[in-house]
Amino acid sequence: MPKEYKSLKQALVAAIDVCSKFTFAKNAKHGVKLKNVNEIDLSLLICGKQKIRSLNKSWRQKDYATDVLSFPVHDDLRDSPFGLPPELELGDMFICHQVAQSQSKEYKVTYEQEIVHLFIHGYLHLLGFDHEISKSEEKIMQGHEQALVKKAYDKIGWGKNG
């Protein structure tokens, strides 16, 4: 396995780990606390600009390549009053590798760090968080996103800033 794939795999495994802990946290302040759920499933596709632009145009009426798109199965899983199945399908996530590469240079982070950030951002959308609804929702989502990114970075050993 080439070195760059190994570091990307390590980054994604850390992001998945912190997201799953967040999903199953007993403390609602630090997670969504899904009741009766033992397993979560999602699909992740790392794609190119053409694919993500097409999806963005079809589903959001925005004709440009974006960094990450999430297609949740459920509207909002936060504090869900409904009985959820033990195996819960979250939805689909698409991350554009070219946009991630470009943004990593723009934000002065590694490609792997940008992928971690985009995965966590997309994952929060799959759970029902949406920064586009209101300023208060944006603040809530950003707080979770920053905390989860930091935890993933710490897990990998990137420290505060990588």
# chains A, B, ... in the order shown; residues from 1 in each chain; ligands from 1
>>> closest_atom_pairs(of="region 77-160 of chain A", to="region 10-25 of chain A", cutoff="10 Å", atoms="only C-alpha atoms", output="Markdown table")
| residue | atom | partner | partner_atom | distance |
| --- | --- | --- | --- | --- |
| A:Leu77 | CA | A:Thr23 | CA | 9.7 |
| A:Arg78 | CA | A:Thr23 | CA | 9.3 |
| A:Tyr111 | CA | A:Ala11 | CA | 9.9 |
| A:Glu112 | CA | A:Ala11 | CA | 6.1 |
| A:Gln113 | CA | A:Ala11 | CA | 7.3 |
| A:Glu114 | CA | A:Ala11 | CA | 9.7 |
| A:Ile115 | CA | A:Leu12 | CA | 7.5 |
| A:Val116 | CA | A:Ala15 | CA | 5.8 |
| A:His117 | CA | A:Ala15 | CA | 8.2 |
| A:Leu118 | CA | A:Ala15 | CA | 9.7 |
| A:Phe119 | CA | A:Ala15 | CA | 7.1 |
| A:Ile120 | CA | A:Ala15 | CA | 6.6 |
| A:Tyr123 | CA | A:Cys19 | CA | 7.4 |
| A:Leu124 | CA | A:Cys19 | CA | 8.4 |
| A:Leu127 | CA | A:Thr23 | CA | 8.4 |
| A:His144 | CA | A:Phe22 | CA | 9.1 |
| A:Glu145 | CA | A:Cys19 | CA | 9.8 |
| A:Ala147 | CA | A:Val18 | CA | 9.6 |
| A:Leu148 | CA | A:Val18 | CA | 6.3 |
| A:Val149 | CA | A:Ala15 | CA | 7.5 |
| A:Lys150 | CA | A:Val18 | CA | 9.6 |
| A:Lys151 | CA | A:Val18 | CA | 6.6 |
| A:Ala152 | CA | A:Ala14 | CA | 5.2 |
| A:Tyr153 | CA | A:Ala14 | CA | 7.8 |
| A:Asp154 | CA | A:Ala14 | CA | 9.1 |
| A:Lys155 | CA | A:Ala14 | CA | 6.4 |
| A:Ile156 | CA | A:Ala14 | CA | 6.6 |
>>> residues_around(residues="His125 (chain A)", least_positions_apart="2", cutoff="9 Å", atoms="only C-alpha atoms", output="number ranges by chain")
A: 69-72, 76, 120-123, 127-131, 141
>>> write_last_selection(atoms="C-alpha atoms", output="short mmCIF file (atom, residue, chain, number, x, y, z; two decimals), in the first residue's frame")
data_model
loop_
_atom_site.label_atom_id
_atom_site.label_comp_id
_atom_site.auth_asym_id
_atom_site.auth_seq_id
_atom_site.Cartn_x
_atom_site.Cartn_y
_atom_site.Cartn_z
CA LEU A 69 -22.26 16.21 -0.08
CA SER A 70 -24.33 14.16 2.32
CA PHE A 71 -27.59 12.45 1.56
CA PRO A 72 -29.15 11.43 4.88
CA ASP A 76 -32.81 14.52 12.00
CA ILE A 120 -16.75 14.85 10.02
CA HIS A 121 -18.70 17.71 8.43
CA GLY A 122 -20.57 15.30 6.15
CA TYR A 123 -21.19 12.87 9.01
CA LEU A 127 -27.13 12.86 11.70
CA GLY A 128 -29.33 15.89 11.02
CA PHE A 129 -27.11 18.85 11.85
CA ASP A 130 -27.41 21.65 9.30
CA HIS A 131 -25.45 24.90 9.42
CA MET A 141 -22.71 22.22 14.21
#
>>> select_by_dssp(residues="region 88-157 of chain A", states="alpha helix (DSSP H)", output="MDAnalysis selection string")
chainID A and resid 97:106 111:127 135:156
>>> write_last_selection(atoms="C-alpha atoms", output="mmCIF file, in the first residue's frame")
data_model
loop_
_atom_site.group_PDB
_atom_site.id
_atom_site.type_symbol
_atom_site.label_atom_id
_atom_site.label_comp_id
_atom_site.auth_asym_id
_atom_site.auth_seq_id
_atom_site.Cartn_x
_atom_site.Cartn_y
_atom_site.Cartn_z
ATOM 1 C CA HIS A 97 -10.729 14.561 -3.803
ATOM 2 C CA GLN A 98 -9.759 17.441 -6.127
ATOM 3 C CA VAL A 99 -11.645 20.055 -4.091
ATOM 4 C CA ALA A 100 -10.190 18.577 -0.894
ATOM 5 C CA GLN A 101 -6.708 18.832 -2.386
ATOM 6 C CA SER A 102 -7.258 22.460 -3.395
ATOM 7 C CA GLN A 103 -8.752 23.375 -0.004
ATOM 8 C CA SER A 104 -5.891 21.704 1.842
ATOM 9 C CA LYS A 105 -3.502 24.135 0.134
ATOM 10 C CA GLU A 106 -5.830 27.079 0.728
ATOM 11 C CA TYR A 111 -4.761 16.532 2.329
ATOM 12 C CA GLU A 112 -5.457 13.957 5.055
ATOM 13 C CA GLN A 113 -6.421 16.685 7.531
ATOM 14 C CA GLU A 114 -8.850 18.168 5.021
ATOM 15 C CA ILE A 115 -10.394 14.741 4.373
ATOM 16 C CA VAL A 116 -10.866 14.273 8.140
ATOM 17 C CA HIS A 117 -12.588 17.653 8.363
ATOM 18 C CA LEU A 118 -14.838 16.956 5.353
ATOM 19 C CA PHE A 119 -15.768 13.489 6.603
ATOM 20 C CA ILE A 120 -16.754 14.848 10.023
ATOM 21 C CA HIS A 121 -18.700 17.706 8.427
ATOM 22 C CA GLY A 122 -20.571 15.299 6.153
ATOM 23 C CA TYR A 123 -21.186 12.867 9.010
ATOM 24 C CA LEU A 124 -22.821 15.575 11.121
ATOM 25 C CA HIS A 125 -25.132 16.315 8.187
ATOM 26 C CA LEU A 126 -26.080 12.620 8.059
ATOM 27 C CA LEU A 127 -27.128 12.863 11.703
ATOM 28 C CA LYS A 135 -27.160 30.930 12.977
ATOM 29 C CA SER A 136 -27.872 28.934 16.140
ATOM 30 C CA GLU A 137 -27.752 25.629 14.203
ATOM 31 C CA GLU A 138 -24.554 26.791 12.513
ATOM 32 C CA LYS A 139 -22.989 27.461 15.920
ATOM 33 C CA ILE A 140 -24.068 24.046 17.249
ATOM 34 C CA MET A 141 -22.709 22.216 14.208
ATOM 35 C CA GLN A 142 -19.436 24.171 14.196
ATOM 36 C CA GLY A 143 -18.907 23.392 17.872
ATOM 37 C CA HIS A 144 -19.343 19.658 17.310
ATOM 38 C CA GLU A 145 -17.245 19.777 14.156
ATOM 39 C CA GLN A 146 -14.320 21.537 15.847
ATOM 40 C CA ALA A 147 -14.415 19.186 18.844
ATOM 41 C CA LEU A 148 -14.540 16.064 16.662
ATOM 42 C CA VAL A 149 -11.758 17.265 14.345
ATOM 43 C CA LYS A 150 -9.574 17.987 17.374
ATOM 44 C CA LYS A 151 -10.280 14.520 18.807
ATOM 45 C CA ALA A 152 -9.421 12.890 15.471
ATOM 46 C CA TYR A 153 -6.203 14.915 15.192
ATOM 47 C CA ASP A 154 -5.254 13.958 18.760
ATOM 48 C CA LYS A 155 -6.009 10.296 18.048
ATOM 49 C CA ILE A 156 -3.652 10.331 15.070
#
>>> select_by_dssp(residues="region 11-82 of chain A", states="strand (DSSP E or B)", output="list of chain:residue names")
A:Glu39, A:Ile40, A:Asp41, A:Leu42, A:Ser43, A:Leu44, A:Leu45, A:Ile46, A:Cys47, A:Val68, A:Leu69, A:Ser70, A:Phe71, A:Pro72
>>> residues_around(residues="region 81-89 of chain A", least_positions_apart="6", cutoff="6 Å", atoms="only C-alpha atoms", output="mmCIF file with C-alpha atoms, in the first residue's frame")
data_model
loop_
_atom_site.group_PDB
_atom_site.id
_atom_site.type_symbol
_atom_site.label_atom_id
_atom_site.label_comp_id
_atom_site.auth_asym_id
_atom_site.auth_seq_id
_atom_site.Cartn_x
_atom_site.Cartn_y
_atom_site.Cartn_z
ATOM 1 C CA ASN A 36 -31.431 0.958 20.752
ATOM 2 C CA VAL A 37 -28.954 1.394 17.879
ATOM 3 C CA ASN A 38 -26.016 -1.014 17.918
ATOM 4 C CA GLU A 39 -24.621 -0.430 14.447
ATOM 5 C CA ILE A 40 -24.614 2.374 11.931
ATOM 6 C CA ASP A 41 -24.048 2.060 8.211
#
>>> closest_residue(among="A:Gly91, A:Ile46, A:Tyr107, A:Ser54", to="Leu8 (chain A)", atoms="only C-alpha atoms")
A:Ile46
>>> atom_distance(atom1="CA of Val32 (chain A)", atom2="CA of Leu55 (chain A)")
27.9 Å
>>> closest_residue(among="A:His74, A:Gln61, A:Trp158, A:Glu132", to="Val109 (chain A)", atoms="only C-alpha atoms")
A:Trp158
>>> atom_distance(atom1="CA of Leu90 (chain A)", atom2="CA of Leu34 (chain A)")
11.8 Å
>>> atom_distance(atom1="CA of Ala65 (chain A)", atom2="CA of Ile52 (chain A)")
5.6 Å
>>> decode(residues="region 10-120 of chain A", atoms="C-alpha atoms", output="mmCIF file, in the first residue's frame")
data_model
loop_
_atom_site.group_PDB
_atom_site.id
_atom_site.type_symbol
_atom_site.label_atom_id
_atom_site.label_comp_id
_atom_site.auth_asym_id
_atom_site.auth_seq_id
_atom_site.Cartn_x
_atom_site.Cartn_y
_atom_site.Cartn_z
ATOM 1 C CA GLN A 10 -5.247 6.184 9.228
ATOM 2 C CA ALA A 11 -6.960 9.592 9.022
ATOM 3 C CA LEU A 12 -10.319 8.146 7.984
ATOM 4 C CA VAL A 13 -10.199 5.430 10.642
ATOM 5 C CA ALA A 14 -9.616 8.115 13.298
ATOM 6 C CA ALA A 15 -12.477 10.240 11.933
ATOM 7 C CA ILE A 16 -14.815 7.244 11.875
ATOM 8 C CA ASP A 17 -13.836 6.315 15.420
ATOM 9 C CA VAL A 18 -14.509 9.758 16.911
ATOM 10 C CA CYS A 19 -17.774 10.046 14.955
ATOM 11 C CA SER A 20 -19.002 6.656 16.186
ATOM 12 C CA LYS A 21 -18.171 7.577 19.790
ATOM 13 C CA PHE A 22 -20.070 10.836 19.300
ATOM 14 C CA THR A 23 -23.037 8.912 17.887
ATOM 15 C CA PHE A 24 -23.241 6.500 20.796
ATOM 16 C CA ALA A 25 -22.268 8.890 23.619
ATOM 17 C CA LYS A 26 -24.296 8.448 26.781
ATOM 18 C CA ASN A 27 -24.041 12.176 27.522
ATOM 19 C CA ALA A 28 -26.331 14.059 25.112
ATOM 20 C CA LYS A 29 -24.156 17.177 25.454
ATOM 21 C CA HIS A 30 -21.293 15.373 23.771
ATOM 22 C CA GLY A 31 -23.206 13.195 21.348
ATOM 23 C CA VAL A 32 -26.540 12.283 19.814
ATOM 24 C CA LYS A 33 -27.253 9.235 21.997
ATOM 25 C CA LEU A 34 -29.134 7.018 19.555
ATOM 26 C CA LYS A 35 -31.353 4.684 21.563
ATOM 27 C CA ASN A 36 -31.431 0.958 20.752
ATOM 28 C CA VAL A 37 -28.954 1.394 17.879
ATOM 29 C CA ASN A 38 -26.016 -1.014 17.918
ATOM 30 C CA GLU A 39 -24.621 -0.430 14.447
ATOM 31 C CA ILE A 40 -24.614 2.374 11.931
ATOM 32 C CA ASP A 41 -24.048 2.060 8.211
ATOM 33 C CA LEU A 42 -23.125 4.690 5.665
ATOM 34 C CA SER A 43 -21.552 4.728 2.273
ATOM 35 C CA LEU A 44 -18.587 6.946 1.483
ATOM 36 C CA LEU A 45 -17.404 7.682 -2.019
ATOM 37 C CA ILE A 46 -14.284 9.691 -2.741
ATOM 38 C CA CYS A 47 -15.074 11.052 -6.184
ATOM 39 C CA GLY A 48 -13.968 13.557 -8.796
ATOM 40 C CA LYS A 49 -15.205 17.018 -9.692
ATOM 41 C CA GLN A 50 -17.501 15.862 -12.481
ATOM 42 C CA LYS A 51 -19.423 13.463 -10.214
ATOM 43 C CA ILE A 52 -19.848 15.858 -7.308
ATOM 44 C CA ARG A 53 -20.769 18.752 -9.600
ATOM 45 C CA SER A 54 -23.454 16.614 -11.220
ATOM 46 C CA LEU A 55 -24.862 15.615 -7.816
ATOM 47 C CA ASN A 56 -24.721 19.193 -6.551
ATOM 48 C CA LYS A 57 -26.587 20.424 -9.629
ATOM 49 C CA SER A 58 -29.220 17.661 -9.502
ATOM 50 C CA TRP A 59 -29.948 17.780 -5.772
ATOM 51 C CA ARG A 60 -29.116 21.325 -4.709
ATOM 52 C CA GLN A 61 -29.492 23.241 -7.995
ATOM 53 C CA LYS A 62 -25.911 24.521 -7.585
ATOM 54 C CA ASP A 63 -23.801 24.084 -10.699
ATOM 55 C CA TYR A 64 -20.284 23.754 -9.286
ATOM 56 C CA ALA A 65 -18.040 21.163 -7.714
ATOM 57 C CA THR A 66 -18.324 21.265 -3.936
ATOM 58 C CA ASP A 67 -16.177 19.580 -1.304
ATOM 59 C CA VAL A 68 -18.639 17.214 0.399
ATOM 60 C CA LEU A 69 -22.257 16.206 -0.081
ATOM 61 C CA SER A 70 -24.328 14.164 2.323
ATOM 62 C CA PHE A 71 -27.592 12.447 1.563
ATOM 63 C CA PRO A 72 -29.151 11.430 4.882
ATOM 64 C CA VAL A 73 -31.782 8.716 5.096
ATOM 65 C CA HIS A 74 -33.393 10.475 8.091
ATOM 66 C CA ASP A 75 -34.190 14.165 8.482
ATOM 67 C CA ASP A 76 -32.815 14.516 12.001
ATOM 68 C CA LEU A 77 -31.600 11.801 14.349
ATOM 69 C CA ARG A 78 -30.781 14.113 17.260
ATOM 70 C CA ASP A 79 -32.832 13.114 20.287
ATOM 71 C CA SER A 80 -35.080 11.049 18.045
ATOM 72 C CA PRO A 81 -38.307 10.094 19.872
ATOM 73 C CA PHE A 82 -38.900 7.267 17.400
ATOM 74 C CA GLY A 83 -37.799 3.709 17.942
ATOM 75 C CA LEU A 84 -34.773 3.153 15.756
ATOM 76 C CA PRO A 85 -33.626 -0.190 14.379
ATOM 77 C CA PRO A 86 -30.527 -1.835 15.884
ATOM 78 C CA GLU A 87 -28.810 -1.488 12.494
ATOM 79 C CA LEU A 88 -29.335 2.088 11.348
ATOM 80 C CA GLU A 89 -28.614 3.286 7.822
ATOM 81 C CA LEU A 90 -27.387 6.902 7.923
ATOM 82 C CA GLY A 91 -27.061 7.619 4.205
ATOM 83 C CA ASP A 92 -24.483 8.418 1.561
ATOM 84 C CA MET A 93 -21.530 10.792 1.607
ATOM 85 C CA PHE A 94 -19.459 12.010 -1.341
ATOM 86 C CA ILE A 95 -16.124 13.792 -0.912
ATOM 87 C CA CYS A 96 -14.437 15.354 -3.934
ATOM 88 C CA HIS A 97 -10.729 14.561 -3.803
ATOM 89 C CA GLN A 98 -9.759 17.441 -6.127
ATOM 90 C CA VAL A 99 -11.645 20.055 -4.091
ATOM 91 C CA ALA A 100 -10.190 18.577 -0.894
ATOM 92 C CA GLN A 101 -6.708 18.832 -2.386
ATOM 93 C CA SER A 102 -7.258 22.460 -3.395
ATOM 94 C CA GLN A 103 -8.752 23.375 -0.004
ATOM 95 C CA SER A 104 -5.891 21.704 1.842
ATOM 96 C CA LYS A 105 -3.502 24.135 0.134
ATOM 97 C CA GLU A 106 -5.830 27.079 0.728
ATOM 98 C CA TYR A 107 -6.228 26.296 4.451
ATOM 99 C CA LYS A 108 -2.567 25.246 4.828
ATOM 100 C CA VAL A 109 -3.332 21.757 6.101
ATOM 101 C CA THR A 110 -2.475 18.343 4.723
ATOM 102 C CA TYR A 111 -4.761 16.532 2.329
ATOM 103 C CA GLU A 112 -5.457 13.957 5.055
ATOM 104 C CA GLN A 113 -6.421 16.685 7.531
ATOM 105 C CA GLU A 114 -8.850 18.168 5.021
ATOM 106 C CA ILE A 115 -10.394 14.741 4.373
ATOM 107 C CA VAL A 116 -10.866 14.273 8.140
ATOM 108 C CA HIS A 117 -12.588 17.653 8.363
ATOM 109 C CA LEU A 118 -14.838 16.956 5.353
ATOM 110 C CA PHE A 119 -15.768 13.489 6.603
ATOM 111 C CA ILE A 120 -16.754 14.848 10.023
#
